[in-house]
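Dropping run_10.pdb in here (PDB, C-alpha atoms):
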ATOM      1  CA  MET A 427      14.984  52.696  94.465  1.00  0.00           C
ATOM      2  CA  TYR A 428      17.246  51.435  91.688  1.00  0.00           C
ATOM      3  CA  TYR A 429      15.713  50.657  88.310  1.00  0.00           C
ATOM      4  CA  PHE A 430      17.354  48.376  85.784  1.00  0.00           C
ATOM      5  CA  PRO A 431      17.894  49.899  82.347  1.00  0.00           C
ATOM      6  CA  GLU A 432      15.903  48.669  79.393  1.00  0.00           C
ATOM      7  CA  PRO A 433      17.692  45.719  77.754  1.00  0.00           C
ATOM      8  CA  PRO A 434      18.824  46.306  74.154  1.00  0.00           C
ATOM      9  CA  ILE A 435      16.627  43.650  72.571  1.00  0.00           C
ATOM     10  CA  PHE A 436      16.215  45.643  69.349  1.00  0.00           C
ATOM     11  CA  LEU A 437      19.986  46.015  69.077  1.00  0.00           C
ATOM     12  CA  MET A 438      20.439  42.278  69.562  1.00  0.00           C
ATOM     13  CA  PHE A 439      18.017  41.436  66.761  1.00  0.00           C
ATOM     14  CA  ALA A 440      19.510  44.142  64.526  1.00  0.00           C
ATOM     15  CA  GLY A 441      22.997  42.651  65.000  1.00  0.00           C
ATOM     16  CA  LEU A 442      21.670  39.173  64.304  1.00  0.00           C
ATOM     17  CA  LEU A 443      19.890  40.358  61.167  1.00  0.00           C
ATOM     18  CA  ALA A 444      22.979  42.256  59.965  1.00  0.00           C
ATOM     19  CA  GLY A 445      25.159  39.200  60.520  1.00  0.00           C
ATOM     20  CA  ILE A 446      22.761  36.910  58.671  1.00  0.00           C
ATOM     21  CA  ALA A 447      22.304  39.319  55.753  1.00  0.00           C
ATOM     22  CA  SER A 448      26.053  39.820  55.421  1.00  0.00           C
ATOM     23  CA  GLY A 449      26.583  36.064  55.660  1.00  0.00           C
ATOM     24  CA  ILE A 450      24.184  35.469  52.798  1.00  0.00           C
ATOM     25  CA  ALA A 451      26.003  38.082  50.701  1.00  0.00           C
ATOM     26  CA  PHE A 452      29.358  36.515  51.643  1.00  0.00           C
ATOM     27  CA  GLU A 453      28.110  33.086  50.593  1.00  0.00           C
ATOM     28  CA  ALA A 454      26.788  34.394  47.273  1.00  0.00           C
ATOM     29  CA  VAL A 455      30.059  36.145  46.393  1.00  0.00           C
ATOM     30  CA  LEU A 456      32.111  33.094  47.380  1.00  0.00           C
ATOM     31  CA  LYS A 457      29.912  30.690  45.391  1.00  0.00           C
ATOM     32  CA  GLU A 458      29.936  32.895  42.291  1.00  0.00           C
ATOM     33  CA  THR A 459      33.694  33.292  42.400  1.00  0.00           C
ATOM     34  CA  MET A 460      34.215  29.566  42.882  1.00  0.00           C
ATOM     35  CA  LYS A 461      31.967  28.894  39.871  1.00  0.00           C
ATOM     36  CA  LYS A 462      34.082  31.233  37.748  1.00  0.00           C
ATOM     37  CA  TRP A 463      37.256  29.628  39.044  1.00  0.00           C
ATOM     38  CA  SER A 464      36.070  26.080  38.350  1.00  0.00           C
ATOM     39  CA  LYS A 465      35.356  27.011  34.720  1.00  0.00           C
ATOM     40  CA  ASN A 466      38.641  28.833  34.056  1.00  0.00           C
ATOM     41  CA  ARG A 467      41.014  27.465  36.745  1.00  0.00           C
ATOM     42  CA  SER A 468      42.710  30.845  36.695  1.00  0.00           C
ATOM     43  CA  THR A 469      44.864  31.788  39.676  1.00  0.00           C
ATOM     44  CA  GLU A 470      43.992  35.437  39.053  1.00  0.00           C
ATOM     45  CA  ILE A 471      40.388  34.824  40.102  1.00  0.00           C
ATOM     46  CA  LEU A 472      41.458  33.382  43.451  1.00  0.00           C
ATOM     47  CA  ALA A 473      44.005  36.152  43.959  1.00  0.00           C
ATOM     48  CA  ASN A 474      41.331  38.810  43.420  1.00  0.00           C
ATOM     49  CA  LEU A 475      38.919  37.029  45.765  1.00  0.00           C
ATOM     50  CA  LYS A 476      40.311  38.757  48.829  1.00  0.00           C
ATOM     51  CA  GLY A 477      39.266  42.130  47.462  1.00  0.00           C
ATOM     52  CA  ALA A 478      36.546  44.472  48.627  1.00  0.00           C
ATOM     53  CA  GLN A 479      33.775  42.322  47.161  1.00  0.00           C
ATOM     54  CA  LEU A 480      34.477  39.620  49.774  1.00  0.00           C
ATOM     55  CA  VAL A 481      35.920  41.712  52.611  1.00  0.00           C
ATOM     56  CA  THR A 482      32.869  43.973  52.858  1.00  0.00           C
ATOM     57  CA  PRO A 483      30.281  41.262  53.618  1.00  0.00           C
ATOM     58  CA  PHE A 484      32.785  39.510  55.887  1.00  0.00           C
ATOM     59  CA  MET A 485      33.252  42.675  57.927  1.00  0.00           C
ATOM     60  CA  GLY A 486      29.466  43.035  58.030  1.00  0.00           C
ATOM     61  CA  MET A 487      29.237  39.542  59.508  1.00  0.00           C
ATOM     62  CA  VAL A 488      31.914  40.308  62.089  1.00  0.00           C
ATOM     63  CA  GLY A 489      30.247  43.598  63.038  1.00  0.00           C
ATOM     64  CA  GLY A 490      26.805  42.016  63.267  1.00  0.00           C
ATOM     65  CA  VAL A 491      28.111  39.236  65.491  1.00  0.00           C
ATOM     66  CA  ALA A 492      29.895  41.763  67.730  1.00  0.00           C
ATOM     67  CA  ILE A 493      26.712  43.795  68.150  1.00  0.00           C
ATOM     68  CA  PHE A 494      24.651  40.652  68.758  1.00  0.00           C
ATOM     69  CA  LEU A 495      27.065  39.319  71.353  1.00  0.00           C
ATOM     70  CA  SER A 496      27.407  42.663  73.116  1.00  0.00           C
ATOM     71  CA  ALA A 497      23.656  43.207  73.289  1.00  0.00           C
ATOM     72  CA  GLY A 498      23.146  39.632  74.468  1.00  0.00           C
ATOM     73  CA  LEU A 499      25.579  40.182  77.325  1.00  0.00           C
ATOM     74  CA  GLU A 500      23.816  43.427  78.246  1.00  0.00           C
ATOM     75  CA  ILE A 501      20.503  41.573  78.376  1.00  0.00           C
ATOM     76  CA  PHE A 502      22.026  39.215  80.937  1.00  0.00           C
ATOM     77  CA  GLY A 503      22.965  42.137  83.183  1.00  0.00           C
ATOM     78  CA  PHE A 504      26.501  43.091  82.189  1.00  0.00           C
ATOM     79  CA  ASN A 505      27.163  46.788  81.735  1.00  0.00           C
ATOM     80  CA  GLN A 506      27.855  48.198  78.292  1.00  0.00           C
ATOM     81  CA  THR A 507      31.577  48.748  78.789  1.00  0.00           C
ATOM     82  CA  LEU A 508      32.192  45.210  79.982  1.00  0.00           C
ATOM     83  CA  SER A 509      30.073  43.631  77.263  1.00  0.00           C
ATOM     84  CA  LEU A 510      31.791  45.647  74.525  1.00  0.00           C
ATOM     85  CA  SER A 511      35.248  44.947  75.942  1.00  0.00           C
ATOM     86  CA  PHE A 512      34.460  41.227  75.823  1.00  0.00           C
ATOM     87  CA  SER A 513      32.555  40.956  72.548  1.00  0.00           C
ATOM     88  CA  ILE A 514      34.713  43.116  70.275  1.00  0.00           C
ATOM     89  CA  PRO A 515      38.054  41.337  70.889  1.00  0.00           C
ATOM     90  CA  LEU A 516      36.356  37.951  70.768  1.00  0.00           C
ATOM     91  CA  THR A 517      34.709  38.600  67.413  1.00  0.00           C
ATOM     92  CA  ILE A 518      37.830  40.210  65.951  1.00  0.00           C
ATOM     93  CA  LEU A 519      39.905  37.187  66.970  1.00  0.00           C
ATOM     94  CA  THR A 520      37.339  34.741  65.629  1.00  0.00           C
ATOM     95  CA  GLY A 521      36.974  36.704  62.388  1.00  0.00           C
ATOM     96  CA  TRP A 522      40.750  36.794  61.940  1.00  0.00           C
ATOM     97  CA  LEU A 523      40.990  33.035  62.487  1.00  0.00           C
ATOM     98  CA  VAL A 524      38.222  32.355  59.964  1.00  0.00           C
ATOM     99  CA  TRP A 525      39.768  34.736  57.417  1.00  0.00           C
ATOM    100  CA  THR A 526      43.210  33.130  57.701  1.00  0.00           C
ATOM    101  CA  GLN A 527      41.682  29.654  57.379  1.00  0.00           C
ATOM    102  CA  LEU A 528      39.811  30.775  54.261  1.00  0.00           C
ATOM    103  CA  GLY A 529      43.082  32.092  52.857  1.00  0.00           C
ATOM    104  CA  LYS A 530      44.800  28.757  53.499  1.00  0.00           C
ATOM    105  CA  VAL A 531      41.986  26.858  51.802  1.00  0.00           C
ATOM    106  CA  LEU A 532      42.146  29.175  48.786  1.00  0.00           C
ATOM    107  CA  LYS A 533      45.922  28.721  48.525  1.00  0.00           C
ATOM    108  CA  GLN A 534      45.452  24.974  48.707  1.00  0.00           C
ATOM    109  CA  LEU A 535      42.830  25.187  45.955  1.00  0.00           C
ATOM    110  CA  GLU A 536      45.127  27.316  43.854  1.00  0.00           C
ATOM    111  CA  SER A 537      48.074  24.948  44.153  1.00  0.00           C
ATOM    112  CA  GLY A 538      46.378  21.575  43.885  1.00  0.00           C
ATOM    113  CA  GLY A 539      42.855  22.116  42.626  1.00  0.00           C
ATOM    114  CA  SER A 540      39.732  20.831  44.290  1.00  0.00           C
ATOM    115  CA  GLU A 541      41.285  17.366  44.666  1.00  0.00           C
ATOM    116  CA  SER A 542      43.659  18.786  47.281  1.00  0.00           C
ATOM    117  CA  LEU A 543      40.732  19.423  49.625  1.00  0.00           C
ATOM    118  CA  ASP A 544      40.130  15.800  50.508  1.00  0.00           C
ATOM    119  CA  LEU A 545      38.594  16.294  53.935  1.00  0.00           C
ATOM    120  CA  ASP A 546      38.301  12.590  54.692  1.00  0.00           C
ATOM    121  CA  SER A 547      42.000  11.823  54.646  1.00  0.00           C
ATOM    122  CA  TRP A 548      44.367  12.859  57.397  1.00  0.00           C
ATOM    123  CA  ASN A 549      47.551  12.203  55.439  1.00  0.00           C
TER
END
Written form, structure tokens:
Amino acid sequence: MYYFPEPPIFLMFAGLLAGIASGIAFEAVLKETMKKWSKNRSTEILANLKGAQLVTPFMGMVGGVAIFLSAGLEIFGFNQTLSLSFSIPLTILTGWLVWTQLGKVLKQLESGGSESLDLDSWN
């Protein structure tokens, strides 16, 4: 008789917890840096923002989401190879898109200040 393997529920919750914890750290670093920038309006602060202090929690978020997604797929019956081959490229692509969008927003802030981020206008 064939027995199903034990689903990786612990791994799913560990990935979720790692993603949330890294997201909170990412938010704190981003808020603190934006506070410093709003006081000084220095372009050096925004240029240094893409350093290790922001990349590390961002990579933690991406890794946590990849583990969460992979374990979630394994819970639904996919094998480990298939779930990893789906979740890792998907989270890397999504993380890259978010990182490039953050870079564009920071460049827009640097060039035009916070007034340039008028989200209500489409002009």
Give me, please, the distance in Å between CA of Leu516 (chain A) and CA of Ala492 (chain A), quoted to one decimal.
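Interatomic distance here is 8.1 Å.
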Taking 2 positions as the minimum chain separation for residues in the same chain, which residues sit within 7 Å of region 427-444 of chain A when counting all atoms listed in the file? Answer as number ranges by chain.
A: 446-448, 486-487, 490-491, 493-494, 497-498, 500-501
Residues as selected, C-alpha atoms, written as a PDB file, in the frame of the given file, can you do that?
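Wrote it out as selection31.pdb, contents follow:
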ATOM      1  CA  ILE A 446      22.761  36.910  58.671  1.00  0.00           C
ATOM      2  CA  ALA A 447      22.304  39.319  55.753  1.00  0.00           C
ATOM      3  CA  SER A 448      26.053  39.820  55.421  1.00  0.00           C
ATOM      4  CA  GLY A 486      29.466  43.035  58.030  1.00  0.00           C
ATOM      5  CA  MET A 487      29.237  39.542  59.508  1.00  0.00           C
ATOM      6  CA  GLY A 490      26.805  42.016  63.267  1.00  0.00           C
ATOM      7  CA  VAL A 491      28.111  39.236  65.491  1.00  0.00           C
ATOM      8  CA  ILE A 493      26.712  43.795  68.150  1.00  0.00           C
ATOM      9  CA  PHE A 494      24.651  40.652  68.758  1.00  0.00           C
ATOM     10  CA  ALA A 497      23.656  43.207  73.289  1.00  0.00           C
ATOM     11  CA  GLY A 498      23.146  39.632  74.468  1.00  0.00           C
ATOM     12  CA  GLU A 500      23.816  43.427  78.246  1.00  0.00           C
ATOM     13  CA  ILE A 501      20.503  41.573  78.376  1.00  0.00           C
TER      14      ILE A 501
END
Given all atoms listed in the file as the counted atoms, nearest of A:Ser496, A:Gln534, A:Asn505, A:Asn466 to Thr517 (chain A):
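Closest residue, counting all atoms listed in the file: A:Ser496.
What separates CA of Leu480 (chain A) from CA of Lys533 (chain A) is a distance of 15.9 Å.
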Min atom-atom distance to Gly529 (chain A) from the set A:Ser464, A:Gly445, A:Phe452, A:Leu475, counting only C-alpha atoms, belongs to A:Leu475
Axis-aligned box over every listed atom of region 434-451 of chain A, padded by 8 Å per side: centre and edges in Å to one decimal, as lines of an AutoDock Vina configuration file?
center_x = 21.4
center_y = 40.9
center_z = 62.4
size_x = 26.4
size_y = 26.8
size_z = 39.5
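Distance annotation: of A:Thr507, A:Lys461, A:Ile518, A:Met485, the residue with the minimal separation from Gly449 (chain A) is A:Met485; atom set is all atoms listed in the file.
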Just the number, please: distance in Å from CA of Val488 (chain A) to CA of Leu523 (chain A), one decimal.
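Result for CA of Val488 (chain A) versus CA of Leu523 (chain A): 11.6 Å, one decimal.
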Please write as an NGL selection string the full residue list that the PyMOL selection byres ((chain A and resi 455) around 12) yields on this file.
:A and (448-454 or 456-462 or 474-484)
Closest of A:Ser537, A:Trp525, A:Leu495, A:Lys530 to Ser509 (chain A) - atom-to-atom distances counting all atoms listed in the file:
A:Leu495
Start from the incomplete input, build all heavy atoms for region 435-446 of chain A, and deliver everything as a compact mmCIF listing (two decimals), in the coordinates of the input.
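What follows is the written file rebuild_29.txt:
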# COMPACT_ATOMS: atom_id res chain seq x y z
N ILE A 435 17.13 44.77 73.36
CA ILE A 435 16.63 43.65 72.57
C ILE A 435 16.61 43.99 71.08
O ILE A 435 16.97 43.17 70.24
CB ILE A 435 15.23 43.23 73.07
CG1 ILE A 435 15.36 42.66 74.48
CG2 ILE A 435 14.61 42.19 72.15
CD1 ILE A 435 14.06 42.35 75.15
N PHE A 436 16.22 45.23 70.75
CA PHE A 436 16.22 45.64 69.35
C PHE A 436 17.62 45.58 68.76
O PHE A 436 17.82 45.13 67.64
CB PHE A 436 15.65 47.06 69.20
CG PHE A 436 15.78 47.59 67.81
CD1 PHE A 436 14.93 47.15 66.80
CD2 PHE A 436 16.76 48.51 67.49
CE1 PHE A 436 15.05 47.62 65.50
CE2 PHE A 436 16.89 48.99 66.20
CZ PHE A 436 16.03 48.56 65.21
N LEU A 437 18.61 46.02 69.54
CA LEU A 437 19.99 46.02 69.08
C LEU A 437 20.48 44.58 68.87
O LEU A 437 21.22 44.31 67.91
CB LEU A 437 20.88 46.74 70.09
CG LEU A 437 22.26 47.16 69.64
CD1 LEU A 437 22.17 48.08 68.43
CD2 LEU A 437 22.96 47.86 70.78
N MET A 438 20.05 43.67 69.72
CA MET A 438 20.44 42.28 69.56
C MET A 438 19.88 41.70 68.26
O MET A 438 20.60 41.06 67.49
CB MET A 438 19.95 41.44 70.74
CG MET A 438 20.44 40.01 70.70
SD MET A 438 19.88 39.02 72.07
CE MET A 438 18.19 38.74 71.61
N PHE A 439 18.61 41.95 67.99
CA PHE A 439 18.02 41.44 66.76
C PHE A 439 18.57 42.14 65.53
O PHE A 439 18.72 41.52 64.47
CB PHE A 439 16.50 41.53 66.81
CG PHE A 439 15.88 40.49 67.68
CD1 PHE A 439 15.15 40.85 68.80
CD2 PHE A 439 16.05 39.15 67.41
CE1 PHE A 439 14.59 39.89 69.62
CE2 PHE A 439 15.49 38.18 68.22
CZ PHE A 439 14.76 38.55 69.33
N ALA A 440 18.91 43.42 65.65
CA ALA A 440 19.51 44.14 64.53
C ALA A 440 20.90 43.57 64.21
O ALA A 440 21.24 43.40 63.03
CB ALA A 440 19.62 45.63 64.85
N GLY A 441 21.69 43.27 65.23
CA GLY A 441 23.00 42.65 65.00
C GLY A 441 22.87 41.27 64.39
O GLY A 441 23.64 40.91 63.50
N LEU A 442 21.89 40.50 64.87
CA LEU A 442 21.67 39.17 64.30
C LEU A 442 21.25 39.27 62.84
O LEU A 442 21.76 38.54 61.99
CB LEU A 442 20.60 38.43 65.11
CG LEU A 442 20.25 37.03 64.65
CD1 LEU A 442 21.44 36.10 64.80
CD2 LEU A 442 19.06 36.51 65.43
N LEU A 443 20.35 40.18 62.54
CA LEU A 443 19.89 40.36 61.17
C LEU A 443 21.02 40.85 60.26
O LEU A 443 21.16 40.38 59.12
CB LEU A 443 18.71 41.34 61.14
CG LEU A 443 17.93 41.41 59.85
CD1 LEU A 443 17.26 40.06 59.58
CD2 LEU A 443 16.87 42.49 59.95
N ALA A 444 21.84 41.77 60.76
CA ALA A 444 22.98 42.26 59.96
C ALA A 444 23.98 41.14 59.70
O ALA A 444 24.51 41.02 58.59
CB ALA A 444 23.66 43.42 60.68
N GLY A 445 24.23 40.31 60.70
CA GLY A 445 25.16 39.20 60.52
C GLY A 445 24.64 38.18 59.52
O GLY A 445 25.39 37.68 58.68
N ILE A 446 23.35 37.88 59.59
CA ILE A 446 22.76 36.91 58.67
C ILE A 446 22.75 37.46 57.25
O ILE A 446 23.10 36.75 56.29
CB ILE A 446 21.35 36.51 59.14
CG1 ILE A 446 21.44 35.65 60.39
CG2 ILE A 446 20.60 35.76 58.05
CD1 ILE A 446 20.11 35.35 61.05
